[in-house]
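Peer 1: File start-v6.txt follows (compact mmCIF, C-alpha atoms):
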# COMPACT_ATOMS: atom_id res chain seq x y z
CA MET P 1 -15.55 -73.31 -46.11
CA ASN P 2 -15.79 -71.57 -49.51
CA ASP P 3 -14.38 -68.07 -49.98
CA SER P 4 -16.96 -67.13 -52.62
CA THR P 5 -20.11 -68.48 -50.99
CA GLY P 6 -19.28 -68.43 -47.28
CA PHE P 7 -20.05 -71.24 -44.87
CA VAL P 8 -22.03 -74.15 -46.28
CA PRO P 9 -23.40 -76.46 -43.56
CA PRO P 10 -22.35 -80.06 -44.13
CA PRO P 11 -25.04 -82.73 -44.40
CA TYR P 12 -26.42 -83.61 -40.96
CA PRO P 13 -24.85 -87.01 -40.22
CA TYR P 14 -28.05 -88.92 -39.52
CA ASP P 15 -29.66 -87.73 -42.76
CA ARG P 16 -27.17 -89.96 -44.58
CA LEU P 17 -28.78 -93.01 -42.98
CA ASP P 18 -32.18 -92.35 -44.55
CA LYS P 19 -31.41 -94.64 -47.48
CA PHE P 20 -31.43 -97.67 -45.15
CA ALA P 21 -34.71 -96.87 -43.40
CA PRO P 22 -37.01 -98.33 -46.12
CA PHE P 23 -35.62 -101.84 -45.52
CA GLY P 24 -37.02 -101.92 -42.01
CA ALA P 25 -40.13 -99.95 -42.87
CA ALA P 26 -41.12 -102.68 -45.36
CA MET P 27 -41.01 -105.42 -42.70
CA PRO P 28 -43.90 -106.39 -40.41
CA GLY P 29 -43.48 -104.27 -37.30
CA GLY P 30 -41.56 -101.59 -39.17
CA LEU P 31 -38.17 -100.02 -38.64
CA VAL P 32 -36.39 -100.37 -35.29
CA ASP P 33 -34.30 -97.24 -34.94
CA LEU P 34 -31.17 -97.69 -32.82
CA SER P 35 -29.27 -94.88 -34.52
CA ILE P 36 -30.05 -91.86 -32.31
CA GLY P 37 -29.90 -91.73 -28.52
CA THR P 38 -33.53 -90.69 -28.11
CA PRO P 39 -35.05 -92.09 -24.89
CA CYS P 40 -38.21 -94.15 -25.32
CA ASP P 41 -39.25 -94.87 -21.74
CA PRO P 42 -41.82 -92.80 -19.82
CA PRO P 43 -40.68 -89.97 -17.58
CA LEU P 44 -41.60 -89.80 -13.93
CA ALA P 45 -45.32 -89.03 -13.45
CA ALA P 46 -44.52 -86.26 -10.95
CA VAL P 47 -42.36 -84.58 -13.61
CA VAL P 48 -45.24 -84.52 -16.08
CA GLU P 49 -47.50 -83.17 -13.35
CA ALA P 50 -45.03 -80.37 -12.61
CA LEU P 51 -45.10 -79.32 -16.25
CA SER P 52 -48.81 -78.56 -16.08
CA SER P 53 -48.97 -77.04 -12.61
CA SER P 54 -45.97 -74.71 -12.30
CA ASN P 55 -47.95 -71.58 -13.23
CA SER P 56 -44.76 -70.28 -14.81
CA GLU P 57 -45.74 -70.13 -18.46
CA ARG P 58 -46.71 -66.44 -18.55
CA GLY P 59 -43.49 -64.77 -17.51
CA TYR P 60 -39.95 -64.93 -18.80
CA PRO P 61 -37.91 -67.53 -16.92
CA PRO P 62 -34.47 -66.58 -15.59
CA SER P 63 -31.70 -67.48 -18.02
CA ILE P 64 -29.47 -68.72 -15.19
CA GLY P 65 -32.21 -71.07 -13.94
CA THR P 66 -34.82 -70.63 -11.24
CA GLU P 67 -33.68 -70.93 -7.65
CA PRO P 68 -35.66 -74.19 -7.15
CA LEU P 69 -33.94 -75.73 -10.19
CA ARG P 70 -30.48 -74.61 -9.10
CA ARG P 71 -31.10 -75.84 -5.55
CA ALA P 72 -32.19 -79.20 -6.98
CA ILE P 73 -28.95 -79.32 -9.01
CA GLN P 74 -26.99 -78.39 -5.89
CA GLY P 75 -28.65 -81.19 -3.91
CA TRP P 76 -28.09 -83.76 -6.66
CA LEU P 77 -24.39 -82.92 -6.91
CA GLN P 78 -24.00 -83.33 -3.16
CA ARG P 79 -25.95 -86.62 -3.01
CA ARG P 80 -24.44 -88.21 -6.09
CA PHE P 81 -20.83 -87.06 -5.89
CA GLY P 82 -20.29 -85.37 -2.55
CA VAL P 83 -19.59 -82.13 -4.45
CA GLU P 84 -20.48 -78.81 -2.81
CA ALA P 85 -21.33 -76.04 -5.30
CA THR P 86 -22.69 -72.59 -4.56
CA LEU P 87 -25.78 -71.38 -6.41
CA GLY P 88 -23.53 -68.87 -8.17
CA GLN P 89 -21.53 -71.74 -9.69
CA ILE P 90 -24.65 -73.31 -11.23
CA ALA P 91 -26.63 -72.24 -14.31
CA ALA P 92 -29.18 -73.73 -16.68
CA CYS P 93 -28.86 -74.27 -20.42
CA VAL P 94 -31.36 -75.18 -23.15
CA GLY P 95 -30.31 -78.79 -23.28
CA THR P 96 -26.58 -79.35 -23.62
CA LYS P 97 -26.24 -79.55 -27.40
CA GLU P 98 -26.72 -75.81 -27.77
CA PHE P 99 -24.21 -75.24 -24.97
CA VAL P 100 -21.63 -77.42 -26.72
CA ALA P 101 -22.27 -75.65 -30.03
CA THR P 102 -22.23 -72.05 -28.76
CA THR P 103 -19.66 -71.96 -25.96
CA PRO P 104 -16.59 -71.73 -28.26
CA GLN P 105 -17.84 -68.51 -29.85
CA PHE P 106 -18.47 -66.96 -26.42
CA LEU P 107 -15.03 -67.98 -25.16
CA LYS P 108 -13.42 -66.63 -28.35
CA LEU P 109 -14.89 -63.22 -27.53
CA ARG P 110 -13.44 -63.52 -24.03
CA THR P 111 -9.97 -64.61 -25.19
CA PRO P 112 -9.49 -63.50 -28.82
CA SER P 113 -5.78 -64.37 -28.77
CA ARG P 114 -6.68 -68.09 -28.72
CA ASP P 115 -8.32 -69.90 -31.59
CA THR P 116 -8.22 -73.68 -31.00
CA VAL P 117 -10.83 -76.08 -29.61
CA LEU P 118 -9.48 -79.45 -28.47
CA TYR P 119 -11.87 -82.40 -28.37
CA PRO P 120 -11.75 -86.23 -28.47
CA ALA P 121 -10.93 -87.67 -31.89
CA VAL P 122 -13.85 -90.13 -31.80
CA ALA P 123 -16.69 -88.06 -30.41
CA TYR P 124 -20.08 -86.44 -30.58
CA PRO P 125 -19.82 -84.33 -33.76
CA THR P 126 -21.02 -81.09 -32.16
CA TYR P 127 -17.66 -80.50 -30.46
CA GLU P 128 -16.07 -80.05 -33.87
CA MET P 129 -19.03 -78.15 -35.30
CA GLY P 130 -19.05 -75.73 -32.36
CA ALA P 131 -15.44 -74.87 -33.14
CA ILE P 132 -16.20 -74.39 -36.83
CA LEU P 133 -19.21 -72.15 -36.12
CA ALA P 134 -17.00 -70.02 -33.86
CA GLY P 135 -14.38 -69.63 -36.62
CA CYS P 136 -11.91 -71.64 -34.55
CA ARG P 137 -9.51 -74.49 -35.33
CA PRO P 138 -11.00 -77.83 -34.33
CA VAL P 139 -8.15 -80.11 -33.23
CA ALA P 140 -8.95 -83.74 -32.44
CA VAL P 141 -7.09 -85.36 -29.54
CA PRO P 142 -6.28 -89.07 -30.06
CA ALA P 143 -7.53 -91.78 -27.74
CA ASN P 144 -5.63 -94.22 -25.59
CA PRO P 145 -6.13 -97.93 -26.37
CA ASP P 146 -8.98 -98.08 -23.83
CA GLY P 147 -10.79 -95.22 -25.59
CA SER P 148 -10.01 -92.55 -22.99
CA ILE P 149 -8.60 -89.21 -24.12
CA ASN P 150 -4.82 -89.19 -24.53
CA LEU P 151 -3.78 -85.87 -23.04
CA SER P 152 -0.09 -86.58 -23.65
CA ALA P 153 -0.77 -86.56 -27.40
CA ILE P 154 -1.74 -82.88 -27.40
CA ASP P 155 0.86 -80.88 -29.32
CA PRO P 156 2.29 -78.12 -27.08
CA ALA P 157 1.74 -75.67 -29.96
CA ASP P 158 -1.96 -76.53 -29.98
CA ALA P 159 -2.13 -76.28 -26.18
CA ALA P 160 -0.66 -72.78 -26.39
CA ARG P 161 -3.45 -71.74 -28.79
CA ALA P 162 -6.24 -73.65 -27.04
CA LEU P 163 -9.40 -71.82 -26.07
CA MET P 164 -10.85 -74.89 -24.37
CA LEU P 165 -10.59 -78.66 -24.06
CA TRP P 166 -13.66 -80.88 -24.24
CA VAL P 167 -13.67 -84.21 -22.46
CA ASN P 168 -16.62 -86.59 -22.55
CA SER P 169 -16.90 -89.33 -19.95
CA PRO P 170 -18.70 -91.69 -20.31
CA SER P 171 -18.06 -91.14 -24.00
CA ASN P 172 -20.53 -90.88 -26.80
CA PRO P 173 -20.06 -93.05 -28.87
CA THR P 174 -17.52 -95.37 -27.26
CA GLY P 175 -18.73 -95.52 -23.67
CA ALA P 176 -15.11 -95.14 -22.51
CA LEU P 177 -14.26 -93.43 -19.22
CA SER P 178 -11.50 -90.82 -19.11
CA ASP P 179 -9.28 -89.76 -16.22
CA LEU P 180 -11.05 -86.55 -15.23
CA GLU P 181 -8.54 -85.73 -12.50
CA ALA P 182 -5.77 -85.81 -15.12
CA ALA P 183 -7.84 -83.65 -17.47
CA ALA P 184 -8.39 -81.02 -14.78
CA ALA P 185 -4.69 -81.04 -13.93
CA TRP P 186 -3.70 -80.72 -17.62
CA GLY P 187 -6.01 -77.76 -18.06
CA ARG P 188 -4.65 -75.95 -15.01
CA ALA P 189 -1.05 -76.63 -15.99
CA ASN P 190 -1.65 -75.25 -19.49
CA GLY P 191 -4.04 -72.42 -18.64
CA VAL P 192 -6.81 -74.03 -20.72
CA PRO P 193 -10.41 -74.24 -19.46
CA VAL P 194 -11.63 -77.84 -19.42
CA PHE P 195 -15.29 -78.53 -20.19
CA SER P 196 -16.41 -81.99 -19.14
CA ASP P 197 -19.52 -83.31 -20.88
CA GLU P 198 -21.01 -85.75 -18.38
CA CYS P 199 -24.54 -86.28 -19.71
CA TYR P 200 -24.23 -90.11 -19.48
CA VAL P 201 -22.78 -90.10 -15.97
CA GLU P 202 -25.80 -91.86 -14.42
CA PHE P 203 -25.13 -94.78 -16.79
CA THR P 204 -21.61 -95.55 -15.61
CA TRP P 205 -21.13 -99.32 -15.42
CA ASP P 206 -17.48 -99.62 -14.40
CA GLY P 207 -17.33 -98.27 -10.86
CA PRO P 208 -19.19 -95.28 -9.42
CA PRO P 209 -20.27 -92.24 -11.46
CA ARG P 210 -17.55 -89.61 -11.69
CA THR P 211 -17.45 -85.87 -12.29
CA ILE P 212 -14.55 -83.55 -12.94
CA LEU P 213 -15.88 -81.36 -10.11
CA GLU P 214 -14.62 -83.91 -7.58
CA HIS P 215 -11.15 -82.56 -8.38
CA GLY P 216 -11.92 -78.91 -7.68
CA MET P 217 -13.76 -76.14 -9.50
CA GLN P 218 -10.79 -74.07 -10.67
CA GLY P 219 -10.60 -73.91 -14.46
CA VAL P 220 -13.25 -76.57 -15.08
CA VAL P 221 -16.94 -76.69 -16.01
CA ALA P 222 -19.09 -79.83 -15.89
CA VAL P 223 -22.02 -80.04 -18.31
CA HIS P 224 -25.07 -82.17 -17.50
CA SER P 225 -28.44 -82.98 -19.04
CA LEU P 226 -31.79 -84.42 -17.95
CA SER P 227 -32.42 -85.79 -21.45
CA LYS P 228 -30.84 -89.18 -20.80
CA ARG P 229 -31.01 -89.37 -17.00
CA SER P 230 -34.75 -88.71 -16.78
CA ASN P 231 -36.07 -89.37 -20.33
CA LEU P 232 -36.73 -85.66 -20.85
CA ALA P 233 -35.00 -84.93 -24.17
CA GLY P 234 -38.06 -82.99 -25.35
CA LEU P 235 -37.92 -80.53 -22.44
CA ARG P 236 -34.35 -79.31 -23.20
CA VAL P 237 -33.16 -78.97 -19.61
CA GLY P 238 -29.42 -78.95 -19.09
CA PHE P 239 -27.04 -77.23 -16.71
CA TYR P 240 -23.40 -76.33 -16.21
CA VAL P 241 -21.44 -76.05 -12.97
CA GLY P 242 -17.89 -75.07 -12.13
CA ASP P 243 -15.31 -72.31 -12.04
CA ASP P 244 -16.78 -69.06 -10.66
CA GLU P 245 -15.28 -66.80 -13.30
CA LEU P 246 -16.13 -69.03 -16.27
CA VAL P 247 -19.69 -69.70 -15.14
CA THR P 248 -20.32 -66.03 -14.34
CA TYR P 249 -19.00 -64.95 -17.74
CA LEU P 250 -21.13 -67.49 -19.61
CA LYS P 251 -24.22 -66.62 -17.56
CA GLU P 252 -23.87 -62.94 -18.44
CA VAL P 253 -23.28 -63.55 -22.16
CA ARG P 254 -26.12 -66.05 -22.43
CA LYS P 255 -28.56 -63.56 -20.86
CA HIS P 256 -27.97 -61.27 -23.82
CA VAL P 257 -28.64 -64.11 -26.28
CA GLY P 258 -31.94 -65.03 -24.63
CA MET P 259 -30.93 -68.60 -23.75
CA LEU P 260 -33.99 -69.39 -21.61
CA VAL P 261 -35.15 -72.83 -20.49
CA PRO P 262 -38.99 -72.56 -20.42
CA GLY P 263 -40.39 -72.06 -16.93
CA PRO P 264 -42.52 -75.21 -16.87
CA ALA P 265 -39.51 -77.25 -18.03
CA GLN P 266 -37.41 -75.80 -15.21
CA ALA P 267 -40.10 -76.76 -12.68
CA ALA P 268 -40.21 -80.28 -14.09
CA GLY P 269 -36.41 -80.48 -14.04
CA ALA P 270 -36.32 -79.62 -10.34
CA VAL P 271 -38.70 -82.50 -9.59
CA ALA P 272 -36.68 -84.93 -11.73
CA LEU P 273 -33.41 -84.04 -10.03
CA GLY P 274 -34.97 -84.62 -6.63
CA ASP P 275 -35.81 -88.25 -7.39
CA ASP P 276 -33.16 -90.97 -7.69
CA ALA P 277 -35.41 -94.05 -7.80
CA HIS P 278 -36.54 -93.53 -11.39
CA VAL P 279 -32.89 -93.24 -12.46
CA GLN P 280 -32.06 -96.59 -10.90
CA ALA P 281 -35.02 -98.13 -12.73
CA GLN P 282 -33.73 -96.65 -15.99
CA ARG P 283 -30.23 -97.96 -15.31
CA ASP P 284 -31.67 -101.45 -14.92
CA ARG P 285 -33.54 -101.16 -18.23
CA TYR P 286 -30.51 -100.00 -20.15
CA ARG P 287 -28.23 -102.59 -18.62
CA PHE P 288 -30.63 -105.38 -19.62
CA ARG P 289 -30.98 -104.03 -23.17
CA LEU P 290 -27.23 -103.60 -23.61
CA GLU P 291 -26.63 -107.20 -22.60
CA ARG P 292 -29.48 -108.56 -24.72
CA LEU P 293 -28.63 -106.62 -27.88
CA ALA P 294 -24.94 -107.47 -27.54
CA ALA P 295 -25.84 -111.16 -27.34
CA VAL P 296 -28.17 -110.92 -30.35
CA LEU P 297 -25.67 -109.10 -32.57
CA HIS P 298 -22.86 -111.44 -31.56
CA ALA P 299 -24.93 -114.55 -32.30
CA TRP P 300 -25.92 -113.17 -35.71
CA SER P 301 -22.63 -111.62 -36.85
CA GLY P 302 -19.98 -113.53 -34.92
CA LEU P 303 -18.38 -110.21 -33.99
CA ASP P 304 -17.06 -109.35 -30.55
CA ILE P 305 -19.61 -106.95 -29.04
CA PRO P 306 -18.11 -105.64 -25.78
CA MET P 307 -20.14 -104.05 -23.01
CA PRO P 308 -19.38 -100.34 -22.57
CA ALA P 309 -17.79 -98.86 -19.46
CA GLY P 310 -20.59 -96.32 -19.51
CA SER P 311 -23.47 -94.89 -21.62
CA PHE P 312 -26.29 -96.77 -23.33
CA TYR P 313 -24.42 -97.47 -26.57
CA LEU P 314 -22.76 -100.57 -27.93
CA TRP P 315 -19.59 -99.61 -29.82
CA PHE P 316 -17.80 -102.33 -31.72
CA ASP P 317 -15.44 -103.04 -34.59
CA ALA P 318 -17.27 -104.27 -37.69
CA GLU P 319 -14.40 -103.65 -40.19
CA ASP P 320 -16.74 -101.48 -42.30
CA GLY P 321 -19.35 -99.52 -40.38
CA TRP P 322 -21.50 -98.67 -43.39
CA ALA P 323 -21.51 -102.24 -44.72
CA PHE P 324 -22.58 -103.57 -41.32
CA ALA P 325 -25.31 -100.92 -40.99
CA GLU P 326 -26.71 -101.81 -44.41
CA ARG P 327 -26.66 -105.55 -43.73
CA LEU P 328 -28.42 -105.13 -40.38
CA ALA P 329 -31.04 -102.88 -41.97
CA ARG P 330 -31.69 -105.38 -44.76
CA GLU P 331 -31.80 -108.50 -42.57
CA GLY P 332 -32.94 -107.19 -39.19
CA GLY P 333 -34.86 -104.06 -40.13
CA ALA P 334 -32.79 -102.07 -37.61
CA LEU P 335 -30.94 -98.81 -38.06
CA VAL P 336 -27.56 -98.26 -36.36
CA SER P 337 -24.94 -95.54 -36.77
CA PRO P 338 -21.77 -96.10 -38.80
CA GLY P 339 -18.81 -95.06 -36.71
CA ASP P 340 -17.48 -92.44 -39.10
CA PHE P 341 -20.29 -90.16 -37.88
CA TYR P 342 -18.04 -89.64 -34.86
CA GLY P 343 -14.75 -89.00 -36.64
CA ALA P 344 -12.54 -90.70 -39.18
CA GLY P 345 -11.10 -92.92 -36.46
CA GLY P 346 -14.46 -94.65 -36.13
CA ALA P 347 -14.82 -95.76 -39.76
CA GLN P 348 -14.55 -99.45 -38.89
CA ASN P 349 -16.98 -99.18 -36.01
CA VAL P 350 -20.71 -99.18 -35.36
CA ARG P 351 -22.75 -97.54 -32.61
CA ALA P 352 -26.06 -99.07 -31.51
CA ALA P 353 -28.23 -97.15 -29.05
CA VAL P 354 -30.43 -99.36 -26.86
CA VAL P 355 -33.25 -96.83 -26.87
CA GLN P 356 -36.06 -99.09 -28.03
CA PRO P 357 -38.39 -101.09 -25.75
CA ASP P 358 -37.51 -104.68 -24.96
CA ASP P 359 -40.10 -106.06 -27.38
CA ARG P 360 -38.57 -104.09 -30.26
CA ILE P 361 -35.13 -105.52 -29.51
CA GLU P 362 -36.72 -108.97 -29.46
CA LEU P 363 -38.25 -108.20 -32.86
CA ILE P 364 -34.73 -107.70 -34.21
CA ALA P 365 -33.68 -111.02 -32.67
CA THR P 366 -36.60 -112.80 -34.31
CA ARG P 367 -35.84 -111.33 -37.72
CA LEU P 368 -32.19 -112.37 -37.39
CA GLY P 369 -33.12 -115.88 -36.27
CA VAL P 370 -31.57 -115.49 -32.82
CA HIS P 371 -33.25 -117.01 -29.78
What does the file become when written as structure tokens?
Peer 2:
Amino acid sequence: MNDSTGFVPPPYPYDRLDKFAPFGAAMPGGLVDLSIGTPCDPPLAAVVEALSSSNSERGYPPSIGTEPLRRAIQGWLQRRFGVEATLGQIAACVGTKEFVATTPQFLKLRTPSRDTVLYPAVAYPTYEMGAILAGCRPVAVPANPDGSINLSAIDPADAARALMLWVNSPSNPTGALSDLEAAAAWGRANGVPVFSDECYVEFTWDGPPRTILEHGMQGVVAVHSLSKRSNLAGLRVGFYVGDDELVTYLKEVRKHVGMLVPGPAQAAGAVALGDDAHVQAQRDRYRFRLERLAAVLHAWSGLDIPMPAGSFYLWFDAEDGWAFAERLAREGGALVSPGDFYGAGGAQNVRAAVVQPDDRIELIATRLGVH
């Protein structure tokens, strides 16, 4: 922040990686980009069909989500988690990144006496940026040794000023799972709404998928996306579910802002949420790629490359994230994310997203001399 010029947006983190891209681009087969969690696999054919046959492109779609989409969300929550939600507790959002970035400013209008956004210290950078854009204090919450959020480390003075707490389980970038029951209880005890970003929940490897909604709706909102689950990042279909008062408030504010998921995308989202088989197939793909890439990077570097508890990212200690990223780009023609993109606590780490087809991961192995 600069008093004379106003807010100056910081460089977008991934733009800083551009200097390494030419190393891979110069190799036969080109760059293999493992830096951004952009799905590469085809979506369900019925979803693509729904996009072209919904007959919903002429009119304005409802900001809260069409009834078919919300009923599909309702059915998925019941099937996957045994959670019963009313249609009034469910609403659509234009992907979840915009929801993460804009919700603090809407909550600040609702509760102007509070000014602090709590979020995991090693995390998706939009939690912090959403706080900054709302004119709030971003306060990072340290992690436990297993990577889960350490609620006991929250300063009572920060809790008293907190507008909201973000939790992210499975975590981007670490893949760690947090105790969502404890997070819900902490929020209720401190009068702080808890927003649980669960967009990687279908890719939970340690035990069953978990949602904060299993521990009651009061004071909590779960945020979900079809981008990862169904390979639909380009459609921007997300949704949020939870506390009646919070969801109703956000629905009403967002109507005024014109936050509308396009009608054809909503129709496609309803189809995607009704099918579980394609998600299992995607789980199998990601699990195979995680194991293969971990083996390749370990054989080449000698580093310990642990499997995540969830998500489709490998997160590991490389001592110097930027040095490792440059070496891998030069020798393997692959782009990965230095861990400091996700907070200062990740400076020694690297995140690799297994979002390239199997043959592209094998191309990296070949370049690195790993068989």
Peer 1: My list of candidates is P:Thr204, P:Thr111, P:Ser337, P:Thr66. Which is closest to Gly263 (chain P) when distances are computed with only C-alpha atoms?
Peer 2: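 Smallest separation from Gly263 (chain P) among the options: P:Thr66.
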Peer 1: Within 10 Å of region 156-176 of chain P, which residues of region 185-252 of chain P come that close, and what is the closest atom pair and distance in Å for each? Count all atoms listed in the file and give it as JSON lines.
Peer 2:
{"residue": "P:Trp186", "atom": "CA", "partner": "P:Leu165", "partner_atom": "CA", "distance": 9.7}
{"residue": "P:Gly187", "atom": "CA", "partner": "P:Leu165", "partner_atom": "CA", "distance": 7.6}
{"residue": "P:Asn190", "atom": "CA", "partner": "P:Ala159", "partner_atom": "CA", "distance": 6.8}
{"residue": "P:Gly191", "atom": "CA", "partner": "P:Ala160", "partner_atom": "CA", "distance": 8.5}
{"residue": "P:Val192", "atom": "CA", "partner": "P:Met164", "partner_atom": "CA", "distance": 5.5}
{"residue": "P:Pro193", "atom": "CA", "partner": "P:Met164", "partner_atom": "CA", "distance": 5.0}
{"residue": "P:Val194", "atom": "CA", "partner": "P:Leu165", "partner_atom": "CA", "distance": 4.8}
{"residue": "P:Phe195", "atom": "CA", "partner": "P:Trp166", "partner_atom": "CA", "distance": 5.0}
{"residue": "P:Ser196", "atom": "CA", "partner": "P:Val167", "partner_atom": "CA", "distance": 4.8}
{"residue": "P:Asp197", "atom": "CA", "partner": "P:Asn168", "partner_atom": "CA", "distance": 4.7}
{"residue": "P:Glu198", "atom": "CA", "partner": "P:Ser169", "partner_atom": "CA", "distance": 5.7}
{"residue": "P:Cys199", "atom": "CA", "partner": "P:Pro170", "partner_atom": "CA", "distance": 8.0}
{"residue": "P:Tyr200", "atom": "CA", "partner": "P:Pro170", "partner_atom": "CA", "distance": 5.8}
{"residue": "P:Val201", "atom": "CA", "partner": "P:Pro170", "partner_atom": "CA", "distance": 6.2}
{"residue": "P:Glu202", "atom": "CA", "partner": "P:Pro170", "partner_atom": "CA", "distance": 9.2}
{"residue": "P:Phe203", "atom": "CA", "partner": "P:Pro170", "partner_atom": "CA", "distance": 8.0}
{"residue": "P:Thr204", "atom": "CA", "partner": "P:Pro170", "partner_atom": "CA", "distance": 6.7}
{"residue": "P:Trp205", "atom": "CA", "partner": "P:Pro170", "partner_atom": "CA", "distance": 9.4}
{"residue": "P:Asp206", "atom": "CA", "partner": "P:Ala176", "partner_atom": "CA", "distance": 9.6}
{"residue": "P:Pro209", "atom": "CA", "partner": "P:Pro170", "partner_atom": "CA", "distance": 9.0}
{"residue": "P:Arg210", "atom": "CA", "partner": "P:Ser169", "partner_atom": "CA", "distance": 8.3}
{"residue": "P:Thr211", "atom": "CA", "partner": "P:Ser169", "partner_atom": "CA", "distance": 8.4}
{"residue": "P:Ile212", "atom": "CA", "partner": "P:Ser169", "partner_atom": "CA", "distance": 9.4}
{"residue": "P:Gly219", "atom": "CA", "partner": "P:Met164", "partner_atom": "CA", "distance": 10.0}
{"residue": "P:Val220", "atom": "CA", "partner": "P:Leu165", "partner_atom": "CA", "distance": 9.6}
{"residue": "P:Val221", "atom": "CA", "partner": "P:Trp166", "partner_atom": "CA", "distance": 9.8}
{"residue": "P:Ala222", "atom": "CA", "partner": "P:Val167", "partner_atom": "CA", "distance": 9.6}
{"residue": "P:Val223", "atom": "CA", "partner": "P:Asn168", "partner_atom": "CA", "distance": 9.5}
Peer 1: Compare P:Leu31, P:Ile90, P:Leu246, P:Ala268 by their minimum atom-to-atom distance to Ala329 (chain P), counting all atoms listed in the file, and give me the closest one.
Peer 2: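 Of P:Leu31, P:Ile90, P:Leu246, P:Ala268, the one nearest Ala329 (chain P), counting all atoms listed in the file, is P:Leu31.
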Peer 1: Restrict the calculation to all atoms listed in the file, then for each residue of region 236-296 of chain P with any atom at most 12 Å from an atom of region 340-351 of chain P give the closest atom pair and their distance in Å to one decimal, rows by chain and rising residue number, as a Markdown table.
Peer 2:
| residue | atom | partner | partner_atom | distance |
| --- | --- | --- | --- | --- |
| P:Leu290 | CA | P:Arg351 | CA | 11.7 |
| P:Leu293 | CA | P:Arg351 | CA | 11.8 |
| P:Ala294 | CA | P:Arg351 | CA | 11.4 |
Peer 1: Could you check how far CA of Asp317 (chain P) sits from CA of Arg137 (chain P), in Å to one decimal?
Peer 2: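 CA of Asp317 (chain P) sits 29.2 Å away from CA of Arg137 (chain P).
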Peer 1: For each of P:Ala277, P:Ile64, P:Ala92, P:Val253, take the minimum atom-to-atom distance to Leu44 (chain P), counting all atoms listed in the file, then give the residue where this is smallest.
Peer 2: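 Closest residue, counting all atoms listed in the file: P:Ala277.
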Peer 1: Excluding region 323-328 of chain P and any residue of its chain fewer than 5 positions from it, enumerate the residues within 9 Å of it, using only C-alpha atoms, and give them as a count of residues only.
Peer 2: 13
Peer 1: Quick check, in Å to one decimal: how far apart do CA of Thr126 (chain P) and CA of Ser148 (chain P) lie?
Peer 2: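 So the answer is 18.3 Å.
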Peer 1: Measuring between all atoms listed in the file, which one of P:Glu245, P:Asp18, P:Asp275, P:Glu362 shows the shortest distance to Ile73 (chain P)?
Peer 2: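 Nearest to Ile73 (chain P): P:Asp275.
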Peer 1: What is the CA of Val237 (chain P) to CA of Val100 (chain P) distance in Å?
Peer 2: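 Atom-to-atom, CA of Val237 (chain P) and CA of Val100 (chain P) are spaced 13.6 Å apart.
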